[in-house]
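This is final22.cif (mmCIF, C-alpha atoms).
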```cif
data_query
loop_
_atom_site.group_PDB
_atom_site.id
_atom_site.type_symbol
_atom_site.label_atom_id
_atom_site.label_comp_id
_atom_site.auth_asym_id
_atom_site.auth_seq_id
_atom_site.Cartn_x
_atom_site.Cartn_y
_atom_site.Cartn_z
ATOM 1 C CA MET A 257 31.432 -12.377 49.683
ATOM 2 C CA ALA A 258 30.780 -11.520 46.110
ATOM 3 C CA GLY A 259 27.157 -11.086 45.176
ATOM 4 C CA THR A 260 25.364 -13.598 43.000
ATOM 5 C CA PRO A 261 25.631 -12.575 39.334
ATOM 6 C CA THR A 262 22.349 -11.385 37.888
ATOM 7 C CA THR A 263 21.146 -11.169 34.314
ATOM 8 C CA PRO A 264 21.224 -7.530 33.225
ATOM 9 C CA ALA A 265 17.845 -6.041 32.387
ATOM 10 C CA LEU A 266 17.112 -5.572 28.713
ATOM 11 C CA ALA A 267 17.471 -2.009 27.514
ATOM 12 C CA PRO A 268 14.049 -0.503 26.681
ATOM 13 C CA ALA A 269 15.006 -0.035 23.024
ATOM 14 C CA ARG A 270 15.632 -3.779 22.734
ATOM 15 C CA ALA A 271 12.955 -4.958 25.129
ATOM 16 C CA TRP A 272 9.961 -4.057 22.950
ATOM 17 C CA ARG A 273 11.577 -5.961 20.081
ATOM 18 C CA VAL A 274 11.602 -9.069 22.280
ATOM 19 C CA VAL A 275 7.829 -8.793 22.478
ATOM 20 C CA LEU A 276 7.528 -8.447 18.703
ATOM 21 C CA GLU A 277 9.791 -11.440 18.136
ATOM 22 C CA LYS A 278 7.735 -13.565 20.540
ATOM 23 C CA ILE A 279 4.465 -12.681 18.800
ATOM 24 C CA GLU A 280 6.017 -13.286 15.370
ATOM 25 C CA THR A 281 7.244 -16.706 16.494
ATOM 26 C CA ASP A 282 3.828 -17.610 17.893
ATOM 27 C CA LEU A 283 2.194 -16.589 14.605
ATOM 28 C CA LEU A 284 4.651 -18.657 12.565
ATOM 29 C CA ASP A 285 4.142 -21.659 14.846
ATOM 30 C CA GLY A 286 0.361 -21.378 14.645
ATOM 31 C CA ILE A 287 0.035 -20.665 18.361
ATOM 32 C CA LEU A 288 -1.580 -17.332 17.475
ATOM 33 C CA ARG A 289 -4.000 -16.767 14.597
ATOM 34 C CA PRO A 290 -6.186 -13.894 13.369
ATOM 35 C CA GLY A 291 -9.012 -13.418 15.850
ATOM 36 C CA ASP A 292 -6.957 -14.548 18.848
ATOM 37 C CA ARG A 293 -6.438 -12.253 21.797
ATOM 38 C CA LEU A 294 -2.902 -11.606 23.004
ATOM 39 C CA PRO A 295 -2.092 -12.332 26.651
ATOM 40 C CA PRO A 296 -2.564 -9.371 29.029
ATOM 41 C CA GLU A 297 0.254 -6.845 29.343
ATOM 42 C CA ARG A 298 1.225 -8.053 32.813
ATOM 43 C CA GLU A 299 1.462 -11.667 31.656
ATOM 44 C CA LEU A 300 3.562 -10.795 28.606
ATOM 45 C CA ALA A 301 5.873 -8.643 30.735
ATOM 46 C CA THR A 302 6.379 -11.397 33.300
ATOM 47 C CA THR A 303 6.826 -14.176 30.751
ATOM 48 C CA LEU A 304 9.341 -12.266 28.646
ATOM 49 C CA GLY A 305 11.143 -10.484 31.468
ATOM 50 C CA VAL A 306 10.461 -6.989 30.181
ATOM 51 C CA GLY A 307 8.700 -3.967 31.605
ATOM 52 C CA ARG A 308 5.037 -3.285 30.922
ATOM 53 C CA SER A 309 6.047 -0.051 29.193
ATOM 54 C CA SER A 310 7.999 -2.147 26.666
ATOM 55 C CA VAL A 311 4.947 -4.353 26.108
ATOM 56 C CA ARG A 312 2.809 -1.279 25.507
ATOM 57 C CA GLU A 313 5.391 0.082 23.045
ATOM 58 C CA ALA A 314 5.368 -3.212 21.134
ATOM 59 C CA LEU A 315 1.567 -3.196 21.009
ATOM 60 C CA ARG A 316 1.556 0.339 19.625
ATOM 61 C CA VAL A 317 3.947 -0.744 16.873
ATOM 62 C CA LEU A 318 1.791 -3.772 16.050
ATOM 63 C CA GLU A 319 -1.323 -1.603 15.895
ATOM 64 C CA VAL A 320 0.307 0.857 13.487
ATOM 65 C CA MET A 321 1.426 -2.111 11.377
ATOM 66 C CA GLY A 322 -2.185 -3.247 11.120
ATOM 67 C CA LEU A 323 -1.570 -6.531 12.936
ATOM 68 C CA ILE A 324 -3.677 -5.957 16.045
ATOM 69 C CA ARG A 325 -6.677 -3.980 17.212
ATOM 70 C CA THR A 326 -6.723 -2.798 20.810
ATOM 71 C CA GLY A 327 -9.759 -2.070 22.948
ATOM 72 C CA THR A 328 -10.330 -1.076 26.550
ATOM 73 C CA GLY A 329 -12.690 -2.612 29.107
ATOM 74 C CA SER A 330 -13.469 -6.249 29.732
ATOM 75 C CA GLY A 331 -15.831 -7.220 26.918
ATOM 76 C CA PRO A 332 -15.219 -9.408 23.847
ATOM 77 C CA THR A 333 -13.519 -6.534 21.995
ATOM 78 C CA SER A 334 -11.149 -5.621 24.835
ATOM 79 C CA GLY A 335 -7.431 -6.247 24.857
ATOM 80 C CA ALA A 336 -5.181 -6.725 21.839
ATOM 81 C CA ILE A 337 -6.689 -8.913 19.110
ATOM 82 C CA ILE A 338 -4.850 -10.214 16.036
ATOM 83 C CA ILE A 339 -6.573 -8.822 12.931
ATOM 84 C CA ALA A 340 -3.918 -8.956 10.163
ATOM 85 C CA THR A 341 -4.813 -6.007 7.919
ATOM 86 C CA PRO A 342 -1.584 -5.569 5.939
ATOM 87 C CA GLU A 343 -2.775 -2.668 3.829
ATOM 88 C CA GLY A 344 -3.039 -0.429 6.908
ATOM 89 C CA GLY A 345 0.506 -0.978 8.085
ATOM 90 C CA MET A 346 1.955 -0.902 4.597
ATOM 91 C CA SER A 347 0.194 2.367 3.815
ATOM 92 C CA ALA A 348 1.564 3.979 6.976
ATOM 93 C CA LEU A 349 5.093 2.717 6.300
ATOM 94 C CA LEU A 350 5.171 3.837 2.687
ATOM 95 C CA ARG A 351 3.580 7.204 3.443
ATOM 96 C CA LEU A 352 6.145 8.018 6.140
ATOM 97 C CA GLN A 353 9.107 6.757 4.115
ATOM 98 C CA VAL A 354 8.049 8.780 1.077
ATOM 99 C CA ALA A 355 7.568 11.875 3.256
ATOM 100 C CA ALA A 356 11.040 11.374 4.753
ATOM 101 C CA GLN A 357 12.471 10.631 1.303
ATOM 102 C CA GLY A 358 13.593 7.220 2.511
ATOM 103 C CA PHE A 359 11.760 5.862 -0.521
ATOM 104 C CA PRO A 360 12.404 8.242 -3.436
ATOM 105 C CA PHE A 361 9.178 9.291 -5.110
ATOM 106 C CA ASP A 362 10.390 8.196 -8.539
ATOM 107 C CA ASP A 363 11.240 4.730 -7.209
ATOM 108 C CA VAL A 364 7.782 4.420 -5.700
ATOM 109 C CA VAL A 365 6.181 5.291 -9.030
ATOM 110 C CA ALA A 366 8.464 2.852 -10.867
ATOM 111 C CA THR A 367 7.367 0.143 -8.441
ATOM 112 C CA ARG A 368 3.762 1.043 -9.135
ATOM 113 C CA LEU A 369 4.448 0.486 -12.836
ATOM 114 C CA VAL A 370 5.811 -2.986 -12.177
ATOM 115 C CA LEU A 371 2.833 -3.916 -9.994
ATOM 116 C CA GLU A 372 0.150 -2.532 -12.299
ATOM 117 C CA SER A 373 1.682 -4.256 -15.315
ATOM 118 C CA ALA A 374 1.537 -7.522 -13.369
ATOM 119 C CA VAL A 375 -2.068 -6.792 -12.352
ATOM 120 C CA VAL A 376 -3.433 -6.242 -15.853
ATOM 121 C CA ASP A 377 -1.476 -9.246 -17.112
ATOM 122 C CA ALA A 378 -2.971 -11.481 -14.421
ATOM 123 C CA VAL A 379 -6.550 -10.288 -14.903
ATOM 124 C CA ALA A 380 -6.345 -10.386 -18.709
ATOM 125 C CA THR A 381 -5.029 -13.946 -18.794
ATOM 126 C CA ASP A 382 -7.463 -15.483 -16.312
ATOM 127 C CA PRO A 383 -11.096 -15.568 -17.528
ATOM 128 C CA ALA A 384 -12.243 -16.342 -13.994
ATOM 129 C CA LEU A 385 -11.159 -12.889 -12.786
ATOM 130 C CA SER A 386 -13.655 -10.049 -13.100
ATOM 131 C CA THR A 387 -13.277 -6.320 -13.716
ATOM 132 C CA ALA A 388 -16.858 -5.639 -12.599
ATOM 133 C CA ARG A 389 -15.857 -3.498 -9.618
ATOM 134 C CA ALA A 390 -13.386 -1.508 -11.735
ATOM 135 C CA ARG A 391 -16.138 -0.969 -14.310
ATOM 136 C CA GLU A 392 -18.414 0.445 -11.604
ATOM 137 C CA VAL A 393 -15.763 2.947 -10.575
ATOM 138 C CA LEU A 394 -15.098 3.833 -14.201
ATOM 139 C CA GLU A 395 -18.806 4.585 -14.686
ATOM 140 C CA ALA A 396 -18.656 6.952 -11.719
ATOM 141 C CA MET A 397 -15.619 8.654 -13.273
ATOM 142 C CA ASP A 398 -17.600 9.309 -16.453
ATOM 143 C CA ALA A 399 -20.008 11.581 -14.569
ATOM 144 C CA ALA A 400 -19.969 15.249 -15.588
ATOM 145 C CA GLY A 401 -18.909 17.970 -13.191
ATOM 146 C CA LEU A 402 -16.362 16.056 -11.120
ATOM 147 C CA THR A 403 -13.723 18.226 -9.487
ATOM 148 C CA ALA A 404 -10.077 17.241 -9.903
ATOM 149 C CA PRO A 405 -9.844 15.865 -6.322
ATOM 150 C CA GLU A 406 -13.056 13.855 -6.829
ATOM 151 C CA PHE A 407 -11.828 12.494 -10.148
ATOM 152 C CA LEU A 408 -8.414 11.532 -8.758
ATOM 153 C CA SER A 409 -9.981 9.876 -5.714
ATOM 154 C CA LEU A 410 -12.022 7.691 -8.062
ATOM 155 C CA ASP A 411 -8.896 7.117 -10.144
ATOM 156 C CA ALA A 412 -7.172 5.669 -7.061
ATOM 157 C CA GLN A 413 -10.193 3.443 -6.407
ATOM 158 C CA LEU A 414 -10.152 2.227 -10.011
ATOM 159 C CA HIS A 415 -6.519 1.142 -9.914
ATOM 160 C CA LEU A 416 -7.006 -0.484 -6.517
ATOM 161 C CA ALA A 417 -10.098 -2.323 -7.780
ATOM 162 C CA LEU A 418 -8.007 -3.754 -10.618
ATOM 163 C CA ALA A 419 -5.320 -4.827 -8.153
ATOM 164 C CA GLU A 420 -7.926 -6.535 -5.978
ATOM 165 C CA ALA A 421 -9.370 -8.232 -9.070
ATOM 166 C CA SER A 422 -6.021 -9.966 -9.576
ATOM 167 C CA GLY A 423 -6.753 -12.076 -6.501
ATOM 168 C CA ASN A 424 -3.235 -11.466 -5.151
ATOM 169 C CA VAL A 425 -3.643 -9.988 -1.673
ATOM 170 C CA VAL A 426 0.036 -8.983 -1.445
ATOM 171 C CA ILE A 427 -0.144 -6.969 -4.664
ATOM 172 C CA ALA A 428 -3.443 -5.417 -3.581
ATOM 173 C CA ALA A 429 -1.954 -4.388 -0.216
ATOM 174 C CA MET A 430 1.143 -2.967 -1.869
ATOM 175 C CA MET A 431 -0.954 -1.048 -4.387
ATOM 176 C CA ALA A 432 -3.099 0.397 -1.609
ATOM 177 C CA GLY A 433 0.048 1.442 0.236
ATOM 178 C CA LEU A 434 1.676 2.983 -2.809
ATOM 179 C CA ARG A 435 -1.414 4.952 -3.760
ATOM 180 C CA THR A 436 -1.826 6.242 -0.198
ATOM 181 C CA ALA A 437 1.852 7.159 -0.025
ATOM 182 C CA ILE A 438 1.786 9.312 -3.161
ATOM 183 C CA GLU A 439 -1.832 10.505 -3.059
ATOM 184 C CA SER A 440 -0.948 14.058 -1.993
ATOM 185 C CA TYR A 441 1.529 14.346 -4.868
ATOM 186 C CA VAL A 442 -1.000 13.003 -7.367
ATOM 187 C CA GLN A 443 -3.590 15.519 -6.162
ATOM 188 C CA ALA A 444 -1.075 18.374 -6.233
ATOM 189 C CA GLY A 445 -0.045 17.369 -9.746
ATOM 190 C CA ALA A 446 -3.494 18.267 -11.074
ATOM 191 C CA ALA A 447 -2.731 21.913 -10.354
ATOM 192 C CA GLY A 448 0.227 21.659 -12.725
ATOM 193 C CA ILE A 449 -1.955 20.587 -15.662
ATOM 194 C CA ALA A 450 -3.112 23.684 -17.532
ATOM 195 C CA GLU A 451 -6.139 22.128 -19.248
ATOM 196 C CA TRP A 452 -7.543 19.834 -16.572
ATOM 197 C CA ASP A 453 -10.845 19.091 -18.326
ATOM 198 C CA ALA A 454 -9.019 17.940 -21.451
ATOM 199 C CA ALA A 455 -6.618 15.891 -19.331
ATOM 200 C CA ALA A 456 -9.510 14.260 -17.466
ATOM 201 C CA ASP A 457 -11.158 13.321 -20.774
ATOM 202 C CA ARG A 458 -7.893 11.760 -21.924
ATOM 203 C CA LEU A 459 -7.548 9.813 -18.665
ATOM 204 C CA ARG A 460 -11.130 8.539 -19.011
ATOM 205 C CA HIS A 461 -10.381 7.333 -22.534
ATOM 206 C CA GLU A 462 -7.198 5.614 -21.328
ATOM 207 C CA HIS A 463 -9.043 3.895 -18.480
ATOM 208 C CA HIS A 464 -11.676 2.558 -20.873
ATOM 209 C CA ALA A 465 -8.987 1.339 -23.257
ATOM 210 C CA ILE A 466 -7.108 -0.456 -20.449
ATOM 211 C CA LEU A 467 -10.219 -2.253 -19.201
ATOM 212 C CA ASP A 468 -11.301 -3.111 -22.756
ATOM 213 C CA ALA A 469 -7.898 -4.714 -23.399
ATOM 214 C CA VAL A 470 -8.052 -6.606 -20.109
ATOM 215 C CA ASP A 471 -11.577 -7.878 -20.786
ATOM 216 C CA ALA A 472 -10.534 -8.888 -24.309
ATOM 217 C CA GLY A 473 -7.721 -10.970 -22.838
ATOM 218 C CA ASP A 474 -5.072 -8.886 -24.614
ATOM 219 C CA ALA A 475 -2.421 -8.802 -21.888
ATOM 220 C CA THR A 476 0.290 -7.301 -24.103
ATOM 221 C CA ARG A 477 -1.860 -4.335 -25.086
ATOM 222 C CA ALA A 478 -3.106 -3.897 -21.507
ATOM 223 C CA ARG A 479 0.469 -3.730 -20.178
ATOM 224 C CA THR A 480 1.449 -1.155 -22.801
ATOM 225 C CA LEU A 481 -1.632 0.957 -22.146
ATOM 226 C CA VAL A 482 -1.263 0.977 -18.364
ATOM 227 C CA HIS A 483 2.433 1.871 -18.646
ATOM 228 C CA ASP A 484 1.741 4.770 -21.020
ATOM 229 C CA HIS A 485 -1.198 5.887 -18.867
ATOM 230 C CA ILE A 486 0.863 6.136 -15.685
ATOM 231 C CA VAL A 487 3.938 7.664 -17.345
ATOM 232 C CA GLY A 488 1.750 10.126 -19.218
ATOM 233 C CA TYR A 489 0.070 11.476 -16.091
ATOM 234 C CA TYR A 490 3.256 11.926 -14.082
ATOM 235 C CA SER A 491 4.984 13.551 -17.047
ATOM 236 C CA SER A 492 2.153 15.980 -17.799
ATOM 237 C CA ALA A 493 1.852 16.886 -14.116
ATOM 238 C CA GLY A 494 5.603 17.432 -13.798
ATOM 239 C CA LEU A 495 5.876 15.008 -10.894
ATOM 240 C CA ALA A 496 9.035 13.067 -11.833
ATOM 241 C CA ARG A 497 11.701 14.575 -9.604
ATOM 242 C CA SER A 498 15.163 13.334 -10.411
ATOM 243 C CA ALA A 499 15.276 12.249 -14.039
ATOM 244 C CA PRO A 500 13.285 12.314 -17.271
ATOM 245 C CA ALA A 501 10.044 10.420 -16.799
ATOM 246 C CA ASP A 502 10.776 7.615 -19.249
ATOM 247 C CA SER A 503 14.020 6.650 -17.526
ATOM 248 C CA VAL A 504 12.681 6.559 -13.991
ATOM 249 C CA LEU A 505 9.252 5.200 -14.755
ATOM 250 C CA GLY A 506 10.106 1.989 -16.498
ATOM 251 C CA SER A 507 11.638 2.560 -19.896
ATOM 252 C CA ALA A 508 15.301 1.892 -20.525
ATOM 253 C CA PRO A 509 17.507 4.978 -20.125
ATOM 254 C CA ALA A 510 19.280 6.335 -23.129
ATOM 255 C CA ASP A 511 22.725 4.975 -23.920
ATOM 256 C CA PRO A 512 25.146 7.594 -22.556
ATOM 257 C CA THR A 513 27.666 6.776 -25.302
ATOM 258 C CA SER A 514 25.258 7.505 -28.138
#
```
Please, can you express the file's structure as structure tokens?
Amino acid sequence: MAGTPTTPALAPARAWRVVLEKIETDLLDGILRPGDRLPPERELATTLGVGRSSVREALRVLEVMGLIRTGTGSGPTSGAIIIATPEGGMSALLRLQVAAQGFPFDDVVATRLVLESAVVDAVATDPALSTARAREVLEAMDAAGLTAPEFLSLDAQLHLALAEASGNVVIAAMMAGLRTAIESYVQAGAAGIAEWDAAADRLRHEHHAILDAVDAGDATRARTLVHDHIVGYYSSAGLARSAPADSVLGSAPADPTS
């Protein structure tokens, strides 16, 4: 007599995705929220019909994405807890994709231009938004004797502080991810600038001018200044890889028929 048909087991490569899909659905339906603890591995495996190794693989992916925090033991911090920190996962994704050249460096920088133009526009046009945190970082950047790595680390904090001032958490997370993804290139670019002290003075002046325009509510000038600031640094550091800086970093390319 023929055996009773059975449902084939899910392949491991697909099984962990089943776990992700279940958690995503529960989040969308409001069954799970930040601060909630996921069911234990054994329960998830039994409920979804997958192996515990697939559950563990899914949890590792979620942790890298910044969606959960995992802890051992039996206390209040044990297990997998929903935390929703998008900047962590986005930073990891962008950093790896840039390293693997899945996201071309020039495209990442062009995206940064779009985001930062939107940031200064938003902050300049809304009097309720404050640049106080960015001003604090700018004051630290004015200190004498900063090394290039110290200066550029503060530079990253300044641009992120402006993004956070916009009040748009998606833009802030994307900016954090973009800056993390290209940080090593930005730092390496300083070595390609012959007169670093002069360049740092110019960057300080540009930062002050950008914040002054934002605080004055002059969005048009702020957008122009932040565009020229970003393009200027990458051009002077020789970091644009595949095309002249103006064409890949936001300006219209030259007409090939001219």
(request) List the residues selected by the PyMOL selection byres ((chain A and resi 432) around 10) in the file shown, writing them as an NGL selection string. (result) :A and (342-344 or 346-347 or 350 or 412-413 or 415-417 or 419-420 or 426-431 or 433-437)
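Within 12 Å of the point (12.6, -6.2, 20.2), and counting all atoms listed in the file, the protein, DNA and RNA residues are A:Leu266, A:Ala267, A:Pro268, A:Ala269, A:Arg270, A:Ala271, A:Trp272, A:Arg273, A:Val274, A:Val275, A:Leu276, A:Glu277, A:Lys278, A:Ile279, A:Glu280, A:Leu304, A:Val306, A:Ser310, A:Val311, A:Glu313, A:Ala314, A:Leu315, A:Val317, A:Leu318.
Residues surrounding Leu288 of chain A within 8 Å are Ile279, Asp282, Leu283, Asp292 and Ile338 of chain A [only C-alpha atoms; sequence separation below 4 positions excluded].
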(request) Measuring atom to atom with only C-alpha atoms, identify which of A:Ile438, A:Gly488, A:Asp382, A:Ala456 is nearest to Leu352 of chain A. (result)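 Result for the nearest residue to Leu352 of chain A: A:Ile438.
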(message) Here's the selection I'm unsure about, the PyMOL selection byres ((chain A and resi 481) around 10); applied to the file above, which residues does it give, as a PyMOL selection string?
(response) chain A and resi 373+376+462-463+465-467+469+475-480+482-487
Create the file for the chosen residues now, containing C-alpha atoms and written as a PDB file, in the coordinates of the input.
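And here's part.pdb as it stands now:
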```pdb
ATOM      1  CA  SER A 373       1.682  -4.256 -15.315  1.00  0.00           C
ATOM      2  CA  VAL A 376      -3.433  -6.242 -15.853  1.00  0.00           C
ATOM      3  CA  GLU A 462      -7.198   5.614 -21.328  1.00  0.00           C
ATOM      4  CA  HIS A 463      -9.043   3.895 -18.480  1.00  0.00           C
ATOM      5  CA  ALA A 465      -8.987   1.339 -23.257  1.00  0.00           C
ATOM      6  CA  ILE A 466      -7.108  -0.456 -20.449  1.00  0.00           C
ATOM      7  CA  LEU A 467     -10.219  -2.253 -19.201  1.00  0.00           C
ATOM      8  CA  ALA A 469      -7.898  -4.714 -23.399  1.00  0.00           C
ATOM      9  CA  ALA A 475      -2.421  -8.802 -21.888  1.00  0.00           C
ATOM     10  CA  THR A 476       0.290  -7.301 -24.103  1.00  0.00           C
ATOM     11  CA  ARG A 477      -1.860  -4.335 -25.086  1.00  0.00           C
ATOM     12  CA  ALA A 478      -3.106  -3.897 -21.507  1.00  0.00           C
ATOM     13  CA  ARG A 479       0.469  -3.730 -20.178  1.00  0.00           C
ATOM     14  CA  THR A 480       1.449  -1.155 -22.801  1.00  0.00           C
ATOM     15  CA  VAL A 482      -1.263   0.977 -18.364  1.00  0.00           C
ATOM     16  CA  HIS A 483       2.433   1.871 -18.646  1.00  0.00           C
ATOM     17  CA  ASP A 484       1.741   4.770 -21.020  1.00  0.00           C
ATOM     18  CA  HIS A 485      -1.198   5.887 -18.867  1.00  0.00           C
ATOM     19  CA  ILE A 486       0.863   6.136 -15.685  1.00  0.00           C
ATOM     20  CA  VAL A 487       3.938   7.664 -17.345  1.00  0.00           C
TER      21      VAL A 487
END
```
(message) From the options A:Ser309, A:Leu369, A:Val375, A:His464, which residue's atoms come nearest to Glu392 of chain A, counting only C-alpha atoms?
(response) A:His464
(message) Restricting the calculation to all atoms listed in the file: of A:Gly335, A:Val393, A:Ser492, A:Arg308, which residue gets closest to Glu451 of chain A?
(response)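 Of all the options, A:Ser492 lies closest to Glu451 of chain A.
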